[in-house]
Amino acid sequence: MAAPEPTRKNTVLIVLAASALAGLWLLDFSSIQPNRIVPGISQNLFAAAGTALSVVLSIMLAALVLLGLWSRSRRLVAAVVIATAGLCLLPWLLVSVSLNQLTDDQPSARIGLGAAFWLLLFLLSLMLVECWQRVNLDVHWRLIAMAAVIGSWSWAYSSGQLEALGLLREYHSRSGQFHQALRQHLLLVGGAVGCSLVLGFALAVQILRRPRWQEPVLNVLSFFQTIPSLALFGLLIAPLSYLSNQWPWLQQFGIRGIGWAPAVLALIGYSLLPIVRNTWVALSEVSPGVVDAARGMGMSPAQVFIQVRLPLSLPVLLEGVRITTIQAIGLTAVAALIGAGGLGTFIFQGLGQAANELILLGALPTIGLALLADGFLTAAIQWLRQRHLSTSLTAQATAP
Amino acid sequence: MKLPSHWSASGWLVVLIMATLGMQYLERFFRWVAPGQRQVIYQRDDFLSLMLNHASLVGLASIVAITIGVGTGILVTRAWGRDFLPTVSLIASVGQTFPPVAVLALCVPLLGFGAGPVILSLILYGLLPIVRNTLAGIGDVEPAVIESARGMGMSGTQILWQVEIPLAFNVILAGIRTSVTINIATAAIGSTIGARTLGDPVIAGLINNNIAYTLQGAILIGLLAVTVDRLFEVVQSVSTRR
Amino acid sequence: MIELIGVSKTFNGRTAVDAIDLTIPKGSICVLVGTSGCGKSTTLRMINRLLPHDAGIIRIDGQEIRSFNEQKLRQQIGYAIQSTGLFPHWTVERNIGLVPRLLRWPKQKIQDRVEELMTLLDLDPAIYARQYPRQLSGGQAQRVGVARALAGNPETLLMDEPFGALDPITRDNLQNELLRIQAQVKKTIVFVTHDIDEALKLASQIVVMDQGRIVQVDHPEQLLRHPANAYVENLFGSQDRGLKLASLFPVRSLFETDTPIQANGLKAPGSGPEDCIEATDSLRLALSKMLWAGASEMPVVDANGQVLGQLTLEQILRANGK
């Protein structure tokens, strides 16, 4: 019989779980505002959600600390289960806060999320990822864990008990505006990334043909990247409003000093560098042997480009699109300052009115969009790499 | 022909100083830009103090971020801290997906308005590229080099300071450059949460519909960012030449 | 047949190939050898117009190559290179079928051709057809490279150090394969290498190049026996050319010219592979076996283990010293 696997300390798990435990006891979990204007009263989890749930959560975190102290791969599976359960429990803590703290005679009372909530969310997710990396958890189990968490959150949401969350109250009082802002945001990002993809690709192909242009073009583009977004938006307002005053018909197309025009221009300016640089690097790094063979077999220049160089450079090219998209999602939020609309509108309105939940209504979906875009494009890039593989890998693989 | 980097850096620095001190001499230009405005030079604060405030916010945040960031990068690449490497590198790469403006905004519900939350969010966000590049820089040092250093009897500390840090220096520096560039931009937006920065004239101009104010702020922010970037270029070219 | 007449090529004022004349007969393997930078690869790449020649005439079967469409020309010439140049994003099957597809063959014909070639090159289609190049070993990848070069059924094959990156055993195997295939398909092959043993083994004609010029064109045996100058002598190893020469002839050849010693038709007593010489072994191998056994004569057997006769050290000396 095989000797039992020796236990070893998992310091990361211990530190993360212990911090979560400390945060849970020391920081505020939520706050209650009787209405939108009155400042809220903050409470820790024990006061807000009641003793029972707090004790359950504390025991779970303590168990994670213990699992970290005497860790074995089998036990880390238990840690994955506990962390997933913790993430599933989080929305129900809020439900419990809502049931415990709010009475029917306070229809406009709202619950704010405190530091302890965010800390728990952050640390539990980290612990989950840390443990499933160590036990090499199969992708199916990861998906099941994620589905469980999402399912639990949706269930809590559909129970109607989360309506008292300040964030949701803000959302419901302006859901029309929110959806429009989301659409605008996506449109600006999509338009800018689309334009710079076309422009950037053409530019990259040009500098590939004329190497002398390469340095000046990349220098100009990286100069653009250095200029802070607020400054570039500001610098574009004056010339654009001059143009639209000179030729008023431009205004009919919405081209004015403020609005989408300077936003899109600036976004394209920022987006070009990653796209041009990655396209150029990708195209020029295709192994010379492969191109030589393709030509030697009698493929025409167009066939070599479309059938060989382009597919082989696609992963690196998409990496450029990924960087650009994430960057554009963030910059579009800033563009709300110059009246371009989008989710940034809520952030700056919220900042102006000192309405925290409104800030969240703008900031959280912006982060969500960036994470979604990142996840989606990263997955696509990995898929392509696995299928098509980068040339360098293949060159190594075919050498003895 | 290409100018040496320190020429271009000092050129930008001169322009930056002249623009900061002499903005009011351009009044005629700004009158032309914003006809019909009673006042065309931003008066609420003088540009020099905004510039210094902006620069010191970024400078302070960057010093803290460099210390913590490089320190973390070193700690998690030591034998006893290596357990934390995957987690730290995950945070550094996922964290960079968060838009800086969202991080800035999220600091308000937790910490309120003013310079404090701005500095905190500059530090938090500024950490990420520094940590990432420190990890990359130290990780890229060839194992054979470390192996031979150890074989010749160097201690762990000696290897760190005489081998790993010098070899990783350029990559770390590039991370610091990215971090500072982002922070100059984020600090400008910080004026919407109550920090006194060069973003003030831009925002004031947007609110009061005065293009001249916006332009003045934008020019100074742009000049500051470009000058700092060129200065980094000088440092990088000196350190690569060695 | 390939003819080069007064062909030159310069790169930025530096002459890479200097007015060379060369005729490569149909169905032969012509190997270009020389030190690196001697112009052998440049010469090869001018034949399929990957490099345009600056002066002179290159004809394939009597037609100047400039008279063809560039791509059409290349589709009719097989091309295999050291790095294989396999497309990493295509399966083995698709890689081999590249030229037939460019030639617009019907689908079924392409598929049959791919299977035929994979079988010819000893790659089981059931296993390898759907694999990607990265899943292959170096030797397998190079087999696919050769199969791809043969796919369009070209009359001419250009090979630029195709086995250069392989380990000695795999290289030896592939050289044998190439000779086997060549015996079946009889292409005109132009082969570049810097491995002299490879050149001696494969070539029906060796072209020695130095600084863009052709120094000597000859049959391997002649090159070893009568090198044109010190460069050739040096290149072919002045010290061990006796052994190299011995490796050119199979033991079998002695039994055709010399009086065969009477065959007794019996199995050699206690014969293992080391105790007797096979008829297909080279004289060099035979010599080595005798040296190892410390014997001055050894029995020679055919593939069935039938003893053909006795080979003596003296016979080898006589044959090699001719």
# chains A, B, ... in the order shown; residues from 1 in each chain; ligands from 1
>>> closest_atom_pairs(of="chain A", to="chain B", cutoff="7 Å", atoms="only C-alpha atoms", output="CSV")
residue,atom,partner,partner_atom,distance
A:Thr11,CA,B:Asp83,CA,6.9
A:Val12,CA,B:Phe84,CA,5.8
A:Ala115,CA,B:Leu110,CA,6.8
A:Glu130,CA,B:Thr87,CA,6.4
A:Thr226,CA,B:Val226,CA,6.2
A:Ile227,CA,B:Gly222,CA,5.1
A:Pro228,CA,B:Ala185,CA,4.4
A:Ser229,CA,B:Ala185,CA,6.4
A:Leu230,CA,B:Ile189,CA,6.9
A:Ala231,CA,B:Ala218,CA,3.9
A:Leu232,CA,B:Ala218,CA,6.8
A:Gly234,CA,B:Ala218,CA,5.3
A:Leu235,CA,B:Leu215,CA,5.8
A:Ala238,CA,B:Ile211,CA,6.3
A:Ile326,CA,B:Thr97,CA,6.4
A:Gly330,CA,B:Pro99,CA,4.5
A:Val334,CA,B:Val101,CA,6.9
A:Ile338,CA,B:Leu206,CA,7.0
A:Ile347,CA,B:Ala105,CA,6.8
A:Leu351,CA,B:Ile193,CA,6.5
A:Asn356,CA,B:Pro109,CA,5.2
A:Ile359,CA,B:Ala105,CA,6.6
A:Leu360,CA,B:Leu106,CA,6.9
A:Ala363,CA,B:Ala102,CA,4.9
A:Ile367,CA,B:Phe98,CA,5.5
A:Ala370,CA,B:Thr97,CA,6.1
A:Leu371,CA,B:Thr97,CA,6.4
>>> interface_residues(of="chain C", to="chain A", cutoff="10 Å", atoms="only C-alpha atoms", output="PyMOL selection string")
chain C and resi 45+48-50+69-91+98-99+102-103+132-142+145+148-149+152+158+164-167+170
>>> residues_around(residues="Leu369 of chain A", least_positions_apart="3", cutoff="9 Å", atoms="only C-alpha atoms", output="VMD selection string")
chain A and resid 186 326 329 364 to 366 372 to 374
>>> write_last_selection(atoms="N, CA and C atoms", output="PDB file, in the first residue's frame")
ATOM      1  N   LEU A 186     -20.812  50.497 -25.560  1.00  0.00           N
ATOM      2  CA  LEU A 186     -20.403  49.418 -26.459  1.00  0.00           C
ATOM      3  C   LEU A 186     -20.185  49.938 -27.875  1.00  0.00           C
ATOM      4  N   ILE A 326      -9.721  46.454 -24.019  1.00  0.00           N
ATOM      5  CA  ILE A 326      -9.758  46.731 -22.583  1.00  0.00           C
ATOM      6  C   ILE A 326      -9.456  48.207 -22.325  1.00  0.00           C
ATOM      7  N   ILE A 329     -12.411  50.389 -23.318  1.00  0.00           N
ATOM      8  CA  ILE A 329     -13.541  50.339 -22.385  1.00  0.00           C
ATOM      9  C   ILE A 329     -13.310  51.325 -21.234  1.00  0.00           C
ATOM     10  N   LEU A 364     -18.916  49.471 -11.715  1.00  0.00           N
ATOM     11  CA  LEU A 364     -18.940  48.002 -11.746  1.00  0.00           C
ATOM     12  C   LEU A 364     -19.202  47.437 -13.141  1.00  0.00           C
ATOM     13  N   PRO A 365     -20.212  47.954 -13.866  1.00  0.00           N
ATOM     14  CA  PRO A 365     -20.399  47.418 -15.227  1.00  0.00           C
ATOM     15  C   PRO A 365     -19.192  47.701 -16.129  1.00  0.00           C
ATOM     16  N   THR A 366     -18.504  48.834 -15.906  1.00  0.00           N
ATOM     17  CA  THR A 366     -17.312  49.109 -16.725  1.00  0.00           C
ATOM     18  C   THR A 366     -16.258  48.036 -16.480  1.00  0.00           C
ATOM     19  N   LEU A 372     -15.082  40.816 -19.051  1.00  0.00           N
ATOM     20  CA  LEU A 372     -15.721  39.966 -20.058  1.00  0.00           C
ATOM     21  C   LEU A 372     -14.916  39.959 -21.349  1.00  0.00           C
ATOM     22  N   ALA A 373     -14.566  41.188 -21.794  1.00  0.00           N
ATOM     23  CA  ALA A 373     -13.801  41.287 -23.042  1.00  0.00           C
ATOM     24  C   ALA A 373     -12.489  40.544 -22.902  1.00  0.00           C
ATOM     25  N   ASP A 374     -11.848  40.726 -21.744  1.00  0.00           N
ATOM     26  CA  ASP A 374     -10.571  40.064 -21.504  1.00  0.00           C
ATOM     27  C   ASP A 374     -10.737  38.548 -21.532  1.00  0.00           C
TER      28      ASP A 374
END
>>> select_by_dssp(residues="segment 131-194 of chain B", states="alpha helix (DSSP H)", output="PyMOL selection string")
chain B and resi 131-139+143-151+156-159+165-189
>>> atom_distance(atom1="atom CA of Ser19 of chain A", atom2="atom CA of Tyr125 of chain B")
21.0 Å
>>> atom_distance(atom1="atom CA of His6 of chain B", atom2="atom CA of Ile63 of chain B")
23.0 Å
>>> select_by_dssp(residues="segment 3-236 of chain C", states="strand (DSSP E or B)", output="number ranges by chain")
C: 3-11, 14-24, 29-33, 55-60, 63-64, 77-81, 156-160, 188-192, 205-210, 213-218
>>> residues_around(residues="Ile275 of chain A", least_positions_apart="5", cutoff="12 Å", atoms="only C-alpha atoms", output="ChimeraX atom specification")
/A:192-205,218,221-222,268-270,280-283,314,316-325,327
>>> residues_around(residues="Ser244 of chain A", least_positions_apart="5", cutoff="12 Å", atoms="only C-alpha atoms", output="number ranges by chain")
A: 237-239, 249-258, 261-262
